[in-house]
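upload21.cif (mmCIF, C-alpha atoms)
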data_start
loop_
_atom_site.label_atom_id
_atom_site.label_comp_id
_atom_site.auth_asym_id
_atom_site.auth_seq_id
_atom_site.Cartn_x
_atom_site.Cartn_y
_atom_site.Cartn_z
CA MET V 152 4.13 -12.64 27.18
CA SER V 153 7.21 -11.13 28.78
CA GLU V 154 7.08 -9.42 32.15
CA GLY V 155 6.02 -5.80 31.89
CA GLU V 156 4.75 -6.10 28.32
CA LEU V 157 1.70 -3.95 27.63
CA THR V 158 -1.38 -5.77 26.36
CA ILE V 159 -4.92 -4.61 25.73
CA PRO V 160 -7.41 -7.43 26.44
CA PHE V 161 -9.81 -6.61 23.58
CA PHE V 162 -7.09 -6.60 20.93
CA GLN V 163 -5.31 -9.51 22.57
CA SER V 164 -8.46 -11.62 22.25
CA LEU V 165 -8.92 -10.55 18.63
CA SER V 166 -5.41 -11.72 17.78
CA GLU V 167 -6.28 -15.26 18.90
CA PHE V 168 -8.79 -15.77 16.08
CA VAL V 169 -7.65 -17.76 13.06
CA LEU V 170 -9.23 -16.22 9.94
CA PRO V 171 -9.33 -17.38 6.30
CA LEU V 172 -6.63 -16.11 3.95
CA ALA V 173 -7.29 -12.58 2.61
CA ILE V 174 -10.75 -12.44 4.19
CA SER V 175 -10.65 -8.65 4.46
CA PHE V 176 -10.28 -8.09 0.72
CA TYR V 177 -13.22 -10.11 -0.54
CA THR V 178 -15.34 -9.14 2.49
CA PHE V 179 -14.94 -5.46 1.58
CA GLN V 180 -15.70 -6.31 -2.03
CA MET V 181 -18.95 -8.05 -1.08
CA ILE V 182 -19.96 -5.24 1.29
CA ALA V 183 -19.51 -2.71 -1.52
CA TYR V 184 -21.54 -4.93 -3.85
CA LEU V 185 -24.43 -5.22 -1.39
CA VAL V 186 -24.45 -1.50 -0.55
CA ASP V 187 -24.31 -0.48 -4.20
CA ALA V 188 -27.16 -2.90 -4.98
CA TRP V 189 -29.22 -1.44 -2.12
CA ARG V 190 -28.50 2.06 -3.45
CA GLY V 191 -29.79 0.98 -6.86
CA LYS V 192 -26.54 1.53 -8.73
CA PHE V 193 -27.02 -1.55 -10.90
CA THR V 194 -29.69 -4.06 -11.87
CA GLU V 195 -29.81 -7.78 -11.13
CA SER V 196 -27.26 -9.94 -12.94
CA PRO V 197 -26.59 -13.71 -13.23
CA PHE V 198 -25.20 -15.39 -10.13
CA ILE V 199 -22.31 -16.78 -12.18
CA ASN V 200 -21.19 -13.21 -12.87
CA PHE V 201 -21.19 -12.50 -9.14
CA LEU V 202 -19.02 -15.57 -8.51
CA LEU V 203 -16.55 -14.48 -11.19
CA PHE V 204 -16.48 -10.98 -9.70
CA ILE V 205 -15.72 -12.23 -6.18
CA LEU V 206 -13.43 -15.14 -7.08
CA PHE V 207 -11.45 -13.54 -9.93
CA PHE V 208 -8.15 -15.11 -8.95
CA PRO V 209 -5.53 -12.45 -9.89
CA GLN V 210 -6.75 -10.03 -7.21
CA LEU V 211 -8.39 -12.49 -4.81
CA ILE V 212 -5.60 -12.69 -2.22
CA ALA V 213 -4.45 -9.08 -1.86
CA GLY V 214 -6.59 -6.82 -4.02
CA PRO V 215 -7.07 -4.34 -5.49
CA ILE V 216 -10.55 -4.08 -3.98
CA MET V 217 -12.88 -4.04 -6.98
CA ARG V 218 -16.35 -2.52 -7.31
CA HIS V 219 -19.23 -3.70 -9.47
CA ASP V 220 -18.58 -1.02 -12.09
CA ASP V 221 -14.86 -1.93 -12.26
CA PHE V 222 -15.59 -5.40 -13.59
CA TYR V 223 -19.14 -6.29 -14.61
CA ASP V 224 -19.17 -4.40 -17.90
CA GLN V 225 -16.10 -6.36 -19.01
CA ILE V 226 -17.52 -9.84 -18.39
CA ASP V 227 -19.26 -10.19 -21.74
CA HIS V 228 -16.69 -8.10 -23.58
CA ALA V 229 -13.37 -9.51 -22.35
CA LYS V 230 -10.76 -9.02 -25.05
CA LEU V 231 -7.20 -10.19 -25.49
CA THR V 232 -5.61 -7.60 -27.74
CA LEU V 233 -1.94 -6.99 -28.51
CA ASP V 234 -2.10 -3.95 -26.25
CA PHE V 235 -3.42 -6.06 -23.36
CA VAL V 236 -0.74 -8.72 -23.94
CA GLN V 237 2.02 -6.10 -23.90
CA ARG V 238 0.64 -4.34 -20.86
CA GLY V 239 0.10 -7.66 -19.11
CA ILE V 240 3.68 -8.82 -19.62
CA PHE V 241 5.07 -5.41 -18.65
CA HIS V 242 3.00 -5.27 -15.47
CA ILE V 243 4.14 -8.78 -14.48
CA LEU V 244 7.78 -7.83 -15.07
CA SER V 245 7.25 -4.63 -13.09
CA GLY V 246 5.71 -6.62 -10.24
CA LEU V 247 8.67 -9.02 -10.17
CA ILE V 248 11.14 -6.15 -10.12
CA LYS V 249 9.34 -4.41 -7.25
CA LYS V 250 8.78 -7.56 -5.23
CA VAL V 251 11.85 -9.72 -5.80
CA LEU V 252 14.54 -7.20 -6.74
CA ILE V 253 13.49 -4.38 -4.41
CA ALA V 254 11.21 -5.45 -1.54
CA ASP V 255 12.79 -8.84 -0.82
CA GLN V 256 16.33 -7.45 -0.98
CA ILE V 257 15.41 -4.64 1.42
CA ALA V 258 13.85 -7.21 3.75
CA LYS V 259 17.10 -9.16 3.76
CA LEU V 260 18.92 -6.04 5.03
CA ILE V 261 16.44 -4.74 7.60
CA ASN V 262 14.90 -7.89 9.09
CA PRO V 263 17.94 -8.39 11.36
CA VAL V 264 17.66 -4.74 12.48
CA TYR V 265 14.06 -5.16 13.62
CA ALA V 266 14.89 -8.52 15.21
CA ASN V 267 17.85 -7.20 17.23
CA PRO V 268 17.90 -3.37 17.16
CA GLY V 269 20.40 -3.15 20.03
CA GLU V 270 23.10 -4.61 17.79
CA TYR V 271 22.93 -1.74 15.26
CA ASP V 272 23.95 1.90 15.34
CA GLY V 273 21.34 4.66 15.59
CA VAL V 274 21.62 5.73 11.94
CA SER V 275 20.82 2.18 10.82
CA ILE V 276 17.79 2.13 13.11
CA PHE V 277 16.46 5.36 11.62
CA LEU V 278 17.22 4.40 8.00
CA SER V 279 15.56 1.01 8.44
CA THR V 280 12.20 2.76 8.95
CA PHE V 281 12.52 4.45 5.53
CA ALA V 282 13.64 1.17 4.01
CA PHE V 283 10.63 -0.63 5.48
CA SER V 284 8.28 1.86 3.80
CA PHE V 285 9.91 1.05 0.48
CA GLN V 286 9.70 -2.66 1.28
CA VAL V 287 5.96 -2.50 1.91
CA TYR V 288 5.47 -0.39 -1.21
CA GLY V 289 7.50 -2.75 -3.41
CA ASP V 290 5.80 -5.79 -1.89
CA PHE V 291 2.19 -4.61 -2.16
CA SER V 292 2.54 -2.52 -5.32
CA GLY V 293 4.42 -5.43 -6.86
CA TYR V 294 1.54 -7.77 -6.06
CA THR V 295 -0.91 -5.30 -7.60
CA ASP V 296 1.17 -5.15 -10.78
CA LEU V 297 1.24 -8.95 -10.93
CA ALA V 298 -2.53 -9.05 -10.43
CA ARG V 299 -3.18 -6.40 -13.08
CA GLY V 300 -0.78 -8.09 -15.48
CA SER V 301 -2.48 -11.46 -15.04
CA ALA V 302 -5.88 -9.81 -15.55
CA PHE V 303 -4.69 -8.14 -18.77
CA LEU V 304 -3.60 -11.54 -20.09
CA LEU V 305 -7.12 -12.82 -19.39
CA GLY V 306 -8.67 -9.90 -21.24
CA TYR V 307 -9.68 -7.79 -18.24
CA GLU V 308 -8.47 -4.51 -16.77
CA ILE V 309 -8.66 -4.11 -13.00
CA PRO V 310 -8.03 -0.87 -11.03
CA GLU V 311 -4.71 0.65 -10.09
CA ASN V 312 -3.85 0.64 -6.41
CA PHE V 313 -0.74 2.82 -6.14
CA ARG V 314 0.20 6.13 -7.75
CA SER V 315 3.69 7.13 -6.53
CA PRO V 316 2.61 7.74 -2.92
CA PHE V 317 6.06 8.76 -1.71
CA LEU V 318 6.02 11.86 -3.91
CA SER V 319 2.97 13.21 -2.06
CA VAL V 320 3.10 16.75 -0.64
CA SER V 321 0.35 16.18 1.94
CA PHE V 322 -1.20 13.38 3.96
CA ALA V 323 -4.44 13.83 2.03
CA GLU V 324 -2.58 13.30 -1.25
CA LEU V 325 -0.69 10.34 0.20
CA TRP V 326 -3.94 8.53 0.96
CA SER V 327 -5.19 9.23 -2.56
CA ARG V 328 -2.10 7.45 -3.89
CA TRP V 329 -1.46 4.67 -1.33
CA HIS V 330 -3.71 1.59 -1.51
CA TYR V 331 -6.11 3.69 -3.55
CA THR V 332 -8.94 1.15 -3.70
CA LEU V 333 -9.02 0.86 0.10
CA SER V 334 -8.93 4.66 0.52
CA THR V 335 -11.88 5.14 -1.83
CA TRP V 336 -13.76 2.25 -0.17
CA ILE V 337 -13.34 3.90 3.23
CA ARG V 338 -14.42 7.23 1.76
CA ASP V 339 -17.57 5.88 0.08
CA TYR V 340 -18.75 3.34 2.68
CA LEU V 341 -17.56 4.83 5.99
CA TYR V 342 -16.56 8.46 5.73
CA ILE V 343 -19.43 9.78 3.57
CA PRO V 344 -22.14 7.91 5.56
CA LEU V 345 -20.70 9.54 8.71
CA GLY V 346 -21.33 12.94 7.14
CA GLY V 347 -18.27 13.48 4.96
CA ASN V 348 -17.53 17.19 4.50
CA ARG V 349 -21.12 18.20 5.27
CA VAL V 350 -20.47 18.50 9.01
CA THR V 351 -18.79 20.87 11.44
CA GLU V 352 -15.01 21.10 11.53
CA LEU V 353 -14.90 19.24 14.84
CA ARG V 354 -17.12 16.44 13.55
CA TYR V 355 -15.03 16.25 10.38
CA ASN V 356 -11.87 15.70 12.40
CA ILE V 357 -13.55 13.12 14.63
CA ASN V 358 -14.85 11.26 11.56
CA THR V 359 -11.39 11.33 10.00
CA ILE V 360 -9.79 9.85 13.11
CA ILE V 361 -12.53 7.19 13.37
CA VAL V 362 -12.24 5.98 9.78
CA MET V 363 -8.43 5.98 9.84
CA SER V 364 -8.44 4.04 13.11
CA LEU V 365 -10.79 1.50 11.52
CA SER V 366 -8.44 1.38 8.54
CA GLY V 367 -5.68 0.45 10.96
CA LEU V 368 -7.80 -2.37 12.40
CA TRP V 369 -8.48 -3.56 8.84
CA HIS V 370 -4.75 -4.10 8.44
CA GLY V 371 -4.44 -6.21 11.57
CA ASN V 372 -6.15 -7.16 14.81
CA THR V 373 -3.52 -5.81 17.23
CA TYR V 374 -3.59 -2.49 19.06
CA THR V 375 -0.46 -1.29 17.25
CA PHE V 376 -2.34 -1.40 13.94
CA PHE V 377 -5.13 0.60 15.59
CA LEU V 378 -2.58 3.16 16.79
CA TRP V 379 -1.05 3.30 13.31
CA GLY V 380 -4.40 4.27 11.82
CA PHE V 381 -5.26 6.56 14.73
CA PHE V 382 -2.07 8.61 14.37
CA HIS V 383 -2.60 8.92 10.62
CA GLY V 384 -6.06 10.30 11.42
CA ILE V 385 -4.49 12.78 13.84
CA PHE V 386 -2.00 14.02 11.24
CA LEU V 387 -4.73 14.34 8.60
CA SER V 388 -6.79 16.42 11.02
CA ILE V 389 -3.84 18.63 12.02
CA GLU V 390 -2.97 19.15 8.37
CA ARG V 391 -6.49 20.25 7.49
CA PHE V 392 -6.69 22.56 10.52
CA ALA V 393 -3.29 24.15 9.88
CA PHE V 394 -3.11 24.29 6.08
CA GLY V 395 -6.55 23.48 4.70
CA LYS V 396 -6.14 21.36 1.58
CA PRO V 397 -2.52 21.74 0.38
CA ASN V 398 -2.36 22.47 -3.34
CA ARG V 399 0.66 21.10 -5.19
CA SER V 400 0.25 23.58 -8.05
CA ASN V 401 0.68 26.54 -5.69
CA MET V 402 3.94 25.27 -4.20
CA THR V 403 7.44 26.29 -5.24
CA PRO V 404 9.82 23.44 -6.17
CA LEU V 405 11.63 23.85 -2.83
CA LYS V 406 8.37 23.65 -0.86
CA LYS V 407 7.39 20.52 -2.80
CA VAL V 408 10.69 18.85 -1.97
CA MET V 409 10.42 19.79 1.71
CA ALA V 410 6.79 18.61 1.84
CA VAL V 411 7.67 15.27 0.21
CA ILE V 412 10.48 14.72 2.75
CA TRP V 413 8.18 15.63 5.66
CA ILE V 414 5.32 13.36 4.57
CA PHE V 415 7.60 10.42 3.81
CA THR V 416 9.43 10.81 7.13
CA ILE V 417 6.24 10.83 9.21
CA PHE V 418 4.80 7.93 7.20
CA SER V 419 7.98 5.90 7.79
CA VAL V 420 8.15 6.67 11.51
CA LEU V 421 4.50 5.68 11.96
CA ALA V 422 5.21 2.48 10.01
CA THR V 423 6.94 1.27 13.16
CA PHE V 424 3.44 0.60 14.54
CA PHE V 425 2.72 -1.38 11.37
CA ARG V 426 5.86 -3.49 11.62
CA ILE V 427 6.20 -4.09 15.40
CA ASP V 428 3.33 -5.62 17.36
CA THR V 429 3.82 -4.27 20.93
CA LEU V 430 4.64 -0.90 22.45
CA GLU V 431 7.40 -2.49 24.50
CA LYS V 432 9.19 -3.69 21.35
CA ILE V 433 8.62 -0.31 19.69
CA SER V 434 10.20 1.40 22.70
CA THR V 435 13.17 -0.96 22.52
CA PHE V 436 13.53 -0.29 18.81
CA TRP V 437 13.53 3.51 19.09
CA SER V 438 15.69 3.59 22.21
CA SER V 439 18.42 2.04 20.05
CA VAL V 440 18.56 5.25 17.97
CA ILE V 441 20.98 6.68 20.54
CA ASN V 442 23.49 3.90 19.84
CA LEU V 443 26.77 5.40 18.65
CA LYS V 444 28.31 2.08 17.68
CA GLY V 445 27.10 -1.17 16.22
CA LYS V 446 26.52 -2.85 12.90
CA ILE V 447 25.54 -0.68 9.94
CA ILE V 448 23.22 -1.30 6.99
CA TYR V 449 23.99 1.82 4.95
CA LYS V 450 26.40 0.21 2.52
CA PRO V 451 26.39 0.55 -1.30
CA ASP V 452 23.76 -2.15 -1.80
CA PHE V 453 21.45 -0.37 0.67
CA TRP V 454 21.76 2.98 -1.11
CA GLY V 455 21.30 1.26 -4.47
CA LEU V 456 17.97 -0.15 -3.30
CA MET V 457 16.87 3.23 -1.90
CA ILE V 458 17.73 5.04 -5.13
CA GLY V 459 16.06 2.33 -7.21
CA SER V 460 12.92 2.63 -5.08
CA TYR V 461 12.65 6.37 -5.64
CA VAL V 462 13.40 6.02 -9.36
CA ILE V 463 10.32 3.79 -9.56
CA GLN V 464 8.30 6.51 -7.82
CA PHE V 465 9.35 9.11 -10.40
CA VAL V 466 8.74 6.78 -13.34
CA GLU V 467 5.26 5.93 -12.08
CA TYR V 468 4.27 9.48 -11.21
CA LYS V 469 2.45 10.23 -14.46
CA ASN V 470 1.05 6.71 -14.91
CA TYR V 471 3.95 5.38 -16.94
CA PHE V 472 2.10 2.32 -18.24
CA LYS V 473 -0.21 4.48 -20.35
CA ASP V 474 1.38 7.86 -20.92
CA LYS V 475 5.14 7.84 -20.63
CA LEU V 476 6.60 4.47 -21.57
CA ASP V 477 3.89 3.04 -23.79
CA PRO V 478 5.65 4.09 -27.04
CA TYR V 479 8.74 2.15 -25.92
CA ILE V 480 7.03 -0.94 -24.56
CA VAL V 481 8.22 -3.15 -27.46
CA TRP V 482 11.81 -2.45 -26.36
CA LEU V 483 11.19 -2.35 -22.64
CA ILE V 484 9.62 -5.81 -22.40
CA PRO V 485 12.71 -7.73 -23.63
CA PHE V 486 15.03 -5.40 -21.65
CA CYS V 487 13.10 -5.93 -18.40
CA THR V 488 12.82 -9.66 -19.09
CA ILE V 489 16.60 -9.97 -19.41
CA LEU V 490 17.12 -7.78 -16.33
CA VAL V 491 14.75 -9.86 -14.22
CA TYR V 492 16.20 -13.16 -15.47
CA PHE V 493 19.83 -12.34 -14.66
CA ALA V 494 18.88 -10.70 -11.37
CA LEU V 495 16.91 -13.76 -10.27
CA VAL V 496 19.84 -15.99 -11.20
CA LYS V 497 22.12 -13.88 -9.01
CA ILE V 498 19.81 -13.76 -5.99
CA GLU V 499 20.69 -16.33 -3.35
CA ALA V 500 18.18 -15.51 -0.60
CA ALA V 501 14.73 -17.08 -0.62
CA THR V 502 11.85 -14.79 -1.56
CA GLU V 503 9.66 -13.35 1.20
CA THR V 504 5.94 -14.02 1.59
CA PHE V 505 3.79 -11.12 0.40
CA ILE V 506 3.18 -8.88 3.43
CA TYR V 507 -0.49 -8.26 2.62
CA PHE V 508 -1.32 -11.97 2.46
CA GLN V 509 -1.87 -11.75 6.24
CA PHE V 510 -4.77 -9.32 5.80
#

Encoded form using structure tokens:
Amino acid sequence: MSEGELTIPFFQSLSEFVLPLAISFYTFQMIAYLVDAWRGKFTESPFINFLLFILFFPQLIAGPIMRHDDFYDQIDHAKLTLDFVQRGIFHILSGLIKKVLIADQIAKLINPVYANPGEYDGVSIFLSTFAFSFQVYGDFSGYTDLARGSAFLLGYEIPENFRSPFLSVSFAELWSRWHYTLSTWIRDYLYIPLGGNRVTELRYNINTIIVMSLSGLWHGNTYTFFLWGFFHGIFLSIERFAFGKPNRSNMTPLKKVMAVIWIFTIFSVLATFFRIDTLEKISTFWSSVINLKGKIIYKPDFWGLMIGSYVIQFVEYKNYFKDKLDPYIVWLIPFCTILVYFALVKIEAATETFIYFQF
């Protein structure tokens, strides 16, 4: 620990524990199973089915977080149809594109910025926060697509986890589109038991901040993760107090665009607490925004990755796997296969570990 670095003993002690890989995902899955059983939502089933449910390998490491009713009804009716084969291959290709061609290439550009922010100009510092949001999205959404694709090829369908979160017009909508299975888990097993919407406005806001702070701790056992969740809770509470529940259908196109920019900007700025593990390093990072000179990252390859990331958001917005691109899937599969093949041949840098493997 460097001199003057801020530490919080409780979180510091938590960070010293060595935990099994992906323990948070299957722990949440088992908690949901036990609570749903206690609530009487399903009857007793063979233990072998429970093992398959918990240890189903495509989603074991990084989700999505499944519930009993997402999986059990499929166990005795698993089917490998042409539709499942096509969707499986397409999801796997989509996952590779998001992970290897988007997220890993962004990481190659911004990792040096986060490692040595003082060497870069202020614009690069600011843009790297937006790029990191796209990196996390491509990394985690890519894993989910790989998991869903693998499940399809085994005859199962597992839940979606992302629904174009960076086109959200409110924080409430963002959290209904980002890591959807975690958001609904928090809602059903933390937020509703605390009273949900059936409480006073003050209690509602307190509950929101509590569950979002706990969500931050779920992501990591350092105080910066806690602060990341805490600030998201604050913004959700402010949004509800100031605007109620923003309704996309009542917004003009200009208001939608401005709302999307606002939500994405705040999400990206707060992602600094997700990426950097001490307040001292965060302060160093943001103090570099005033740099007028230094290295830059906003070159053509950077903008190409940013545009490609947002194109994916637009394509996914209406659930493209089922509604938009399904009629063209016979043509898209070979096209995407060729694209991924030649892109992988061109890539020289090693691939990055999936970010959510640490959780």

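Within the 9 Å cut-off around segment 453-458 of chain V, using only C-alpha atoms and omitting residues fewer than 2 positions from it on the same chain, the listed residues are V:Leu252, V:Ile253, V:Ala254, V:Gln256, V:Ile257, V:Leu260, V:Phe281, V:Ala282, V:Phe285, V:Ile448, V:Tyr449, V:Lys450, V:Pro451, V:Ser460, V:Tyr461, V:Val462, V:Ile463.
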
To verify the selection step, state as a PyMOL selection string which residues the PyMOL selection byres ((chain V and resi 365) around 12) yields on this input.
chain V and resi 333-334+337-338+341-342+358-364+366-374+376-384

Export of prior selection with C-alpha atoms as a PDB file, keeping the file's coordinate frame:
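Listed below is the output, result38.pdb:
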ATOM      1  CA  LEU V 333      -9.020   0.860   0.100  1.00  0.00           C
ATOM      2  CA  SER V 334      -8.930   4.660   0.520  1.00  0.00           C
ATOM      3  CA  ILE V 337     -13.340   3.900   3.230  1.00  0.00           C
ATOM      4  CA  ARG V 338     -14.420   7.230   1.760  1.00  0.00           C
ATOM      5  CA  LEU V 341     -17.560   4.830   5.990  1.00  0.00           C
ATOM      6  CA  TYR V 342     -16.560   8.460   5.730  1.00  0.00           C
ATOM      7  CA  ASN V 358     -14.850  11.260  11.560  1.00  0.00           C
ATOM      8  CA  THR V 359     -11.390  11.330  10.000  1.00  0.00           C
ATOM      9  CA  ILE V 360      -9.790   9.850  13.110  1.00  0.00           C
ATOM     10  CA  ILE V 361     -12.530   7.190  13.370  1.00  0.00           C
ATOM     11  CA  VAL V 362     -12.240   5.980   9.780  1.00  0.00           C
ATOM     12  CA  MET V 363      -8.430   5.980   9.840  1.00  0.00           C
ATOM     13  CA  SER V 364      -8.440   4.040  13.110  1.00  0.00           C
ATOM     14  CA  SER V 366      -8.440   1.380   8.540  1.00  0.00           C
ATOM     15  CA  GLY V 367      -5.680   0.450  10.960  1.00  0.00           C
ATOM     16  CA  LEU V 368      -7.800  -2.370  12.400  1.00  0.00           C
ATOM     17  CA  TRP V 369      -8.480  -3.560   8.840  1.00  0.00           C
ATOM     18  CA  HIS V 370      -4.750  -4.100   8.440  1.00  0.00           C
ATOM     19  CA  GLY V 371      -4.440  -6.210  11.570  1.00  0.00           C
ATOM     20  CA  ASN V 372      -6.150  -7.160  14.810  1.00  0.00           C
ATOM     21  CA  THR V 373      -3.520  -5.810  17.230  1.00  0.00           C
ATOM     22  CA  TYR V 374      -3.590  -2.490  19.060  1.00  0.00           C
ATOM     23  CA  PHE V 376      -2.340  -1.400  13.940  1.00  0.00           C
ATOM     24  CA  PHE V 377      -5.130   0.600  15.590  1.00  0.00           C
ATOM     25  CA  LEU V 378      -2.580   3.160  16.790  1.00  0.00           C
ATOM     26  CA  TRP V 379      -1.050   3.300  13.310  1.00  0.00           C
ATOM     27  CA  GLY V 380      -4.400   4.270  11.820  1.00  0.00           C
ATOM     28  CA  PHE V 381      -5.260   6.560  14.730  1.00  0.00           C
ATOM     29  CA  PHE V 382      -2.070   8.610  14.370  1.00  0.00           C
ATOM     30  CA  HIS V 383      -2.600   8.920  10.620  1.00  0.00           C
ATOM     31  CA  GLY V 384      -6.060  10.300  11.420  1.00  0.00           C
TER      32      GLY V 384
END

Expand the PyMOL selection byres ((chain V and resi 435) around 12) into the individual residues it matches in the shown file, reporting them as a list in words.
Glu156, Val264, Tyr265, Ala266, Asn267, Pro268, Gly269, Glu270, Ile276, Thr423, Ile427, Thr429, Leu430, Glu431, Lys432, Ile433, Ser434, Phe436, Trp437, Ser438, Ser439, Val440, Ile441 and Asn442 of chain V

I'd like the neighbourhood of Asp272 of chain V as a ChimeraX atom specification, where a residue qualifies if any of its atoms comes within 6 Å (using only C-alpha atoms), though same-chain residues fewer than 3 positions away should be ignored.
/V:275,442-446

I need the residue set behind the PyMOL selection byres ((chain V and resi 178-187) around 10) for this file; please write it as a PDB file with C-alpha atoms, in the coordinates of the input.
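Full text of result.pdb as output:
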ATOM      1  CA  ALA V 173      -7.290 -12.580   2.610  1.00  0.00           C
ATOM      2  CA  ILE V 174     -10.750 -12.440   4.190  1.00  0.00           C
ATOM      3  CA  SER V 175     -10.650  -8.650   4.460  1.00  0.00           C
ATOM      4  CA  PHE V 176     -10.280  -8.090   0.720  1.00  0.00           C
ATOM      5  CA  TYR V 177     -13.220 -10.110  -0.540  1.00  0.00           C
ATOM      6  CA  ALA V 188     -27.160  -2.900  -4.980  1.00  0.00           C
ATOM      7  CA  TRP V 189     -29.220  -1.440  -2.120  1.00  0.00           C
ATOM      8  CA  ARG V 190     -28.500   2.060  -3.450  1.00  0.00           C
ATOM      9  CA  GLY V 191     -29.790   0.980  -6.860  1.00  0.00           C
ATOM     10  CA  LYS V 192     -26.540   1.530  -8.730  1.00  0.00           C
ATOM     11  CA  PHE V 193     -27.020  -1.550 -10.900  1.00  0.00           C
ATOM     12  CA  PHE V 201     -21.190 -12.500  -9.140  1.00  0.00           C
ATOM     13  CA  PHE V 204     -16.480 -10.980  -9.700  1.00  0.00           C
ATOM     14  CA  ILE V 205     -15.720 -12.230  -6.180  1.00  0.00           C
ATOM     15  CA  LEU V 211      -8.390 -12.490  -4.810  1.00  0.00           C
ATOM     16  CA  GLY V 214      -6.590  -6.820  -4.020  1.00  0.00           C
ATOM     17  CA  PRO V 215      -7.070  -4.340  -5.490  1.00  0.00           C
ATOM     18  CA  ILE V 216     -10.550  -4.080  -3.980  1.00  0.00           C
ATOM     19  CA  MET V 217     -12.880  -4.040  -6.980  1.00  0.00           C
ATOM     20  CA  ARG V 218     -16.350  -2.520  -7.310  1.00  0.00           C
ATOM     21  CA  HIS V 219     -19.230  -3.700  -9.470  1.00  0.00           C
ATOM     22  CA  ASP V 220     -18.580  -1.020 -12.090  1.00  0.00           C
ATOM     23  CA  LEU V 333      -9.020   0.860   0.100  1.00  0.00           C
ATOM     24  CA  TRP V 336     -13.760   2.250  -0.170  1.00  0.00           C
ATOM     25  CA  ILE V 337     -13.340   3.900   3.230  1.00  0.00           C
ATOM     26  CA  ASP V 339     -17.570   5.880   0.080  1.00  0.00           C
ATOM     27  CA  TYR V 340     -18.750   3.340   2.680  1.00  0.00           C
ATOM     28  CA  TRP V 369      -8.480  -3.560   8.840  1.00  0.00           C
TER      29      TRP V 369
END

Pull the closest atom pair for each residue of segment 265-381 of chain V that gets at most 7 Å from segment 227-249 of chain V, along with the distance in Å to one decimal, counting only C-alpha atoms, ordering rows by chain and then ascending residue number, as a tab-separated table.
residue	atom	partner	partner_atom	distance
V:Gly289	CA	V:Lys249	CA	4.6
V:Asp290	CA	V:Lys249	CA	6.6
V:Gly293	CA	V:Gly246	CA	3.8
V:Tyr294	CA	V:Gly246	CA	6.0
V:Asp296	CA	V:Gly246	CA	4.8
V:Leu297	CA	V:Ile243	CA	4.6
V:Arg299	CA	V:His242	CA	6.7
V:Gly300	CA	V:Gly239	CA	3.8
V:Ser301	CA	V:Gly239	CA	6.1
V:Phe303	CA	V:Gly239	CA	4.8
V:Leu304	CA	V:Gly239	CA	5.5
V:Leu305	CA	V:Leu231	CA	6.6
V:Gly306	CA	V:Lys230	CA	4.4
V:Tyr307	CA	V:Ala229	CA	5.8

Go ahead and save the picked residues with C-alpha atoms, as a compact mmCIF listing (two decimals), in the coordinates of the input.
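File produced: selection.txt:
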# COMPACT_ATOMS: atom_id res chain seq x y z
CA GLY V 289 7.50 -2.75 -3.41
CA ASP V 290 5.80 -5.79 -1.89
CA GLY V 293 4.42 -5.43 -6.86
CA TYR V 294 1.54 -7.77 -6.06
CA ASP V 296 1.17 -5.15 -10.78
CA LEU V 297 1.24 -8.95 -10.93
CA ARG V 299 -3.18 -6.40 -13.08
CA GLY V 300 -0.78 -8.09 -15.48
CA SER V 301 -2.48 -11.46 -15.04
CA PHE V 303 -4.69 -8.14 -18.77
CA LEU V 304 -3.60 -11.54 -20.09
CA LEU V 305 -7.12 -12.82 -19.39
CA GLY V 306 -8.67 -9.90 -21.24
CA TYR V 307 -9.68 -7.79 -18.24

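In this structure, atom CA of Ile357 of chain V sits 25.7 Å away from atom CA of Arg399 of chain V.
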
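Put simply, atom CA of Phe277 of chain V is 8.4 Å away from atom CA of Val420 of chain V.
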
Which polymer residues have any atom within 12 Å of an atom of Arg328 of chain V, counting only C-alpha atoms, with same-chain residues fewer than 4 positions away left out, as a ChimeraX atom specification?
/V:288,292,311-324,332-335,464,467-470

Preceding selection exported with C-alpha atoms as an mmCIF file, in the frame of the given file:
data_model
loop_
_atom_site.group_PDB
_atom_site.id
_atom_site.type_symbol
_atom_site.label_atom_id
_atom_site.label_comp_id
_atom_site.auth_asym_id
_atom_site.auth_seq_id
_atom_site.Cartn_x
_atom_site.Cartn_y
_atom_site.Cartn_z
ATOM 1 C CA TYR V 288 5.470 -0.390 -1.210
ATOM 2 C CA SER V 292 2.540 -2.520 -5.320
ATOM 3 C CA GLU V 311 -4.710 0.650 -10.090
ATOM 4 C CA ASN V 312 -3.850 0.640 -6.410
ATOM 5 C CA PHE V 313 -0.740 2.820 -6.140
ATOM 6 C CA ARG V 314 0.200 6.130 -7.750
ATOM 7 C CA SER V 315 3.690 7.130 -6.530
ATOM 8 C CA PRO V 316 2.610 7.740 -2.920
ATOM 9 C CA PHE V 317 6.060 8.760 -1.710
ATOM 10 C CA LEU V 318 6.020 11.860 -3.910
ATOM 11 C CA SER V 319 2.970 13.210 -2.060
ATOM 12 C CA VAL V 320 3.100 16.750 -0.640
ATOM 13 C CA SER V 321 0.350 16.180 1.940
ATOM 14 C CA PHE V 322 -1.200 13.380 3.960
ATOM 15 C CA ALA V 323 -4.440 13.830 2.030
ATOM 16 C CA GLU V 324 -2.580 13.300 -1.250
ATOM 17 C CA THR V 332 -8.940 1.150 -3.700
ATOM 18 C CA LEU V 333 -9.020 0.860 0.100
ATOM 19 C CA SER V 334 -8.930 4.660 0.520
ATOM 20 C CA THR V 335 -11.880 5.140 -1.830
ATOM 21 C CA GLN V 464 8.300 6.510 -7.820
ATOM 22 C CA GLU V 467 5.260 5.930 -12.080
ATOM 23 C CA TYR V 468 4.270 9.480 -11.210
ATOM 24 C CA LYS V 469 2.450 10.230 -14.460
ATOM 25 C CA ASN V 470 1.050 6.710 -14.910
#
